[in-house]
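What follows is a short report on a single structure.
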Amino acid sequence: MPTKQEIKDRACAAIEEHKDEIIALAKDILMNPETGYMEMRTSGLVKEWFKRLDIPYRDEIALTGVKGQLQGGAGAGPAVGLVAEMDSMRVADHPFADPTTGAAHACGHHVQIGSMMGTLIGLQGSDVMESLSGRLVPFAVPAEEFIEVEQRLKLREAGKIEFLGGKQEMIKLDEFDDMDMALHIHTGNLDSPLRLSVGGTCNGHVAKFVRFIGRGAHAGGAPHMGINALNAAMLAINAMNANRETFRDDDHVRFHGIITAGGDAVSAVPSDVRLEWRVRAGSMESVKENNLKLDRSFKAGALAVGARVQITTVPGYFPIRNDQTLKSGFIQNAEALVGKQGLQIISDDLNRGHSTDFGDLSNVLPVLGISVGGVTGQTHGNDFVVDDWNIAVVDSAKVVAMQIIDLMYGDADGAKEVVDKARLEMTRDQYLAFQRQQAEEIDFDGAQE
């Protein structure tokens, strides 16, 4: 059997040889963005690549998910998941936005798919798998961006999904039960000379879909006959803002949202106003506490003008908990690839404010989230672009391939160590029970109070 370093070198050489192809794949997805649970074209590309690499797969998991299986040739062992996301944001003024839908890859998920295929080329195309034990499970998942809440609620009503986030739904479907751990890369804003980053945590959240129902009337001739649902919404937003002074700094609380429907005509009193809102915080306890403040605010707006408000609380995401054994192994491989000067190591208690459903997975499975540079602009902004494809796609593919080799080489002692040392917060059933308890429907009639 070749040494571990020899097969790492072989895998990285194969990735380097095919870098133009995997970068082209990432660029193809960039130019054809699709939002969550609608990633049909992207899913098709994943399947084409799995076929090309002779990787057996299942598809249409939670509508668009595609999951492969690769068996190591050296024997049995733990299963290592490699998770990549397919969906985009909506940023209509992004330079690569779809002109019809406004969808845009302003978060870098196109990079994840290119990187995952690069890793698979390194492991499969160079016969590295013959020296590895256990299974590798590449998994392209939908709907990480928690957007288009009203549309996804319709999918839920139709029985097509239960949870609005892709990994949430995959946990429900037991699609992570055949993995013992999982790796995931994401683009991040890293200043030169940094190329890779690891560590930190993020916020949990719950989402809100809110509908204020008033009564239409002529806005000029008979406004006294109407009930202005837009005024109710604006009062609710002001009530939220009045609560901001109650946020504790250590809780990292965020209230934010959008009005998705604000009325039909300026000459008519708005009678149907809809919002998508979010409360984020550094712990689920703080999320729950501040969610009650949002509910009170929505009710206050309805009460003030005598409107009705329907509040749908949607289970959101958990803060991420990176596995320390996986983190240590990654640091060694990252320093070997990009040097100490190219690696950023972040304290695990540093909250960076965002939310991800990889946090949900981290509560039921040992995971490691890795950040890769090569991008400029603000994440989710119209200026977010990849400016160094070699860093974003090729470096990330290499470092993940190297870590998988460490985990699965020989008798898979590295992976077995992760399993032995893992201390998880929840079982799958406990996770699902908690999330289902978050779901709530409130129908409050301010005219009756």
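We label chains A, B, ... in the order they appear in the structure tokens, count residues from 1 in each chain, and number ligands from 1 in the order shown.
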
Check: Near stretch 42-55 of chain A, within 10 Å and counting only C-alpha atoms, which residues show up once chain neighbours fewer than 2 positions away are dropped, as an MDAnalysis selection string?
Finding: chainID A and resid 25 28:30 32:34 38:40 57:60 63:71 85:87 110 113:114 116:117 120:121 124:125 137:142

Next item on the list: Name all residues at most 10 Å from A:Leu136 (count only C-alpha atoms; drop same-chain ones fewer than 6 positions away) and give them as a list of chain:residue names.
Entry: A:Gly68, A:Gln69, A:Leu70, A:Gln71, A:Gly72, A:Pro78, A:Ala79, A:Val80, A:Gly81, A:Leu82, A:Leu120, A:Leu123, A:Met129, A:Met179, A:Ala182, A:Ile404, A:Met408

Restricting the output to C-alpha atoms, write the selected residues as a CSV table (one decimal), in the first residue's frame.
chain,number,residue,atom,x,y,z
A,68,GLY,CA,-23.6,9.3,-3.8
A,69,GLN,CA,-21.7,6.4,-2.3
A,70,LEU,CA,-18.1,5.4,-2.6
A,71,GLN,CA,-16.7,2.4,-0.9
A,72,GLY,CA,-13.0,2.3,0.2
A,78,PRO,CA,-16.9,4.7,9.4
A,79,ALA,CA,-18.7,6.8,6.7
A,80,VAL,CA,-17.5,10.3,6.0
A,81,GLY,CA,-20.0,12.7,4.5
A,82,LEU,CA,-19.0,15.5,2.1
A,120,LEU,CA,-14.1,13.3,-5.8
A,123,LEU,CA,-10.0,10.4,-4.6
A,129,MET,CA,-10.0,4.9,-2.7
A,179,MET,CA,-22.8,9.0,7.9
A,182,ALA,CA,-19.5,15.3,7.7
A,404,ILE,CA,-10.6,12.6,3.9
A,408,MET,CA,-10.1,6.9,6.0

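From atom CA of A:Arg254 back to atom CA of A:Asp348, the distance works out to 20.1 Å.
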
Notebook entry, point to check: So which residues of stretch 259-427 of chain A fall under helix (DSSP H, G or I) by DSSP, listed as a ChimeraX atom specification?
Noted result: /A:284-305,324-338,340-342,358-364,389-408,413-421

Next item on the list: Enter the distance from atom CA of A:His380 to atom CA of A:Ala103, in Å, rounded to one decimal.
Entry: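 Distance between the two atoms: 11.1 Å.
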
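Residue neighbourhood of A:Met89, excluding near-sequence residues (fewer than 3 positions): Thr35, Ala103, Ala104, His105, Ala106 and Glu145 of chain A, at 7 Å, using only C-alpha atoms.
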
Next item on the list: Name the residues in contact with stretch 377-379 of chain A at a cut-off of 9 Å, using only C-alpha atoms, excluding same-chain residues fewer than 2 positions from it; report them as a PyMOL selection string.
Entry: chain A and resi 106-108+187-189+375+381-386

Notebook entry, point to check: If you count only C-alpha atoms, which residues fall within 12 Å of A:Asp20, apart from same-chain ones fewer than 5 positions away, as a list in words?
Noted result: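 Once the adjacent positions are removed, what remains is Ala14, Ile15, Leu25, Ala26, Lys27, Gly114, Ser115, Met117, Gly118, Trp389, Asn390, Val393 and Val394 of chain A.
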
Margin query: I need the residue nearest A:Thr101 from this list: A:Ser88, A:Gln310, A:Asn243, A:Gln332. Use only C-alpha atoms for the distance.
Written below: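 Result for the nearest residue to A:Thr101: A:Ser88.
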
Notebook entry, point to check: To one decimal place, how far is atom CA of A:Leu194 from atom CA of A:Leu407 in Å?
Noted result: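 Spanning atom CA of A:Leu194 to atom CA of A:Leu407 is a straight-line distance of 24.8 Å.
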
Margin query: I need the residues of stretch 209-433 of chain A that end up classed as strand (DSSP E or B) by DSSP on the backbone, written out as a PyMOL selection string.
Written below: chain A and resi 209-213+215+218+227+254-261+268+272-281+308-315+343-351+367-372+375-376+385-386+409

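Minimum distance to A:Ala392 across A:Leu173, A:Leu196, A:Ile227, A:Ala84 (counting only C-alpha atoms) occurs at A:Leu196.
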
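Excluding A:Leu326 itself and any same-chain residue fewer than 5 positions from it, the protein and nucleic acid residues within 10 Å of it, counting only C-alpha atoms, are Met181, Ala182, Leu183, Ile331, Pro366, Val367, Leu368, Gly369, Gln403, Leu407, Gly414, Ala415, Glu417, Val418 and Ala422 of chain A.
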
Same residues, C-alpha atoms, output as a CSV table (one decimal), in the first residue's frame:
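Dumped everything to again_39.csv:
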chain,number,residue,atom,x,y,z
A,181,MET,CA,-19.3,12.6,10.4
A,182,ALA,CA,-19.5,15.3,7.7
A,183,LEU,CA,-17.3,17.9,6.1
A,331,ILE,CA,-5.4,22.5,10.6
A,366,PRO,CA,-19.7,15.4,14.3
A,367,VAL,CA,-19.1,18.0,11.6
A,368,LEU,CA,-16.5,20.5,10.4
A,369,GLY,CA,-17.3,23.7,8.5
A,403,GLN,CA,-8.5,15.4,5.3
A,407,LEU,CA,-9.7,10.0,8.1
A,414,GLY,CA,-8.6,8.8,12.0
A,415,ALA,CA,-12.3,8.5,11.4
A,417,GLU,CA,-11.0,8.6,16.6
A,418,VAL,CA,-13.6,11.2,15.6
A,422,ALA,CA,-17.6,12.9,19.6

Could you pull the residues within 12 Å of A:Asp272, counting only C-alpha atoms, minus those fewer than 5 positions along the same chain, as a PDB file with C-alpha atoms, in the first residue's frame?
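For reference, result_25.pdb as written:
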ATOM      1  CA  VAL A 210     -46.798  37.309   9.041  1.00  0.00           C
ATOM      2  CA  ARG A 211     -50.016  38.430   7.383  1.00  0.00           C
ATOM      3  CA  PHE A 212     -51.878  41.556   8.511  1.00  0.00           C
ATOM      4  CA  ILE A 213     -55.501  41.560   7.394  1.00  0.00           C
ATOM      5  CA  GLY A 214     -57.419  44.813   7.378  1.00  0.00           C
ATOM      6  CA  ARG A 215     -60.356  46.153   5.389  1.00  0.00           C
ATOM      7  CA  GLY A 216     -60.134  47.827   2.008  1.00  0.00           C
ATOM      8  CA  GLY A 226     -61.032  50.921   6.070  1.00  0.00           C
ATOM      9  CA  ILE A 227     -58.603  49.168   8.391  1.00  0.00           C
ATOM     10  CA  ASN A 228     -55.070  49.873   7.216  1.00  0.00           C
ATOM     11  CA  ALA A 229     -53.021  46.674   7.369  1.00  0.00           C
ATOM     12  CA  LEU A 230     -49.887  48.522   6.264  1.00  0.00           C
ATOM     13  CA  ASN A 231     -50.172  50.879   9.230  1.00  0.00           C
ATOM     14  CA  ALA A 232     -50.491  47.841  11.486  1.00  0.00           C
ATOM     15  CA  ALA A 233     -47.294  46.394   9.990  1.00  0.00           C
ATOM     16  CA  ILE A 259     -42.402  43.398   3.518  1.00  0.00           C
ATOM     17  CA  THR A 260     -43.281  41.061   0.657  1.00  0.00           C
ATOM     18  CA  ALA A 261     -46.734  42.554  -0.036  1.00  0.00           C
ATOM     19  CA  GLY A 262     -47.658  46.083   0.988  1.00  0.00           C
ATOM     20  CA  GLY A 263     -50.960  46.744  -0.759  1.00  0.00           C
ATOM     21  CA  ASP A 264     -52.414  46.714  -4.254  1.00  0.00           C
ATOM     22  CA  ALA A 265     -53.032  50.346  -5.163  1.00  0.00           C
ATOM     23  CA  ALA A 307     -56.528  44.640  12.276  1.00  0.00           C
ATOM     24  CA  ARG A 308     -56.113  40.907  12.341  1.00  0.00           C
ATOM     25  CA  VAL A 309     -52.670  39.308  12.257  1.00  0.00           C
ATOM     26  CA  GLN A 310     -51.723  35.730  11.444  1.00  0.00           C
TER      27      GLN A 310
END

Check: For A:Arg274, which of A:His94, A:Lys293, A:Lys208, A:Arg436 is the closest residue, counting only C-alpha atoms?
Finding: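 Distance minimum relative to A:Arg274 lands on A:Lys208.
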
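The closest residue to A:Arg428, picked from A:Ile171, A:Ala207, A:Ala302, A:Ala219 and counting only C-alpha atoms, is A:Ile171.
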
Checklist line | Residue among A:Ala397, A:Val206, A:Ala24, A:Ile258 lying closest to A:Val273, counting only C-alpha atoms | finding: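 Nearest to A:Val273: A:Ile258.
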
Check: Quick one: of A:Trp277, A:Phe146, A:Phe298, A:Phe255, who's nearest to A:Ala239, counting only C-alpha atoms?
Finding: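 Of the candidates, the smallest distance to A:Ala239 is held by A:Phe298.
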
Wanna dump the stretch 244-321 of chain A-stretch 160-168 of chain A contacts at 8 Å for me, each residue with its shortest atom pair and the distance in Å to one decimal, counting only C-alpha atoms, ordered by chain and number, as a tab-separated table?
residue	atom	partner	partner_atom	distance
A:Val314	CA	A:Leu164	CA	7.9
A:Pro315	CA	A:Phe163	CA	7.4
A:Gly316	CA	A:Gly165	CA	7.5
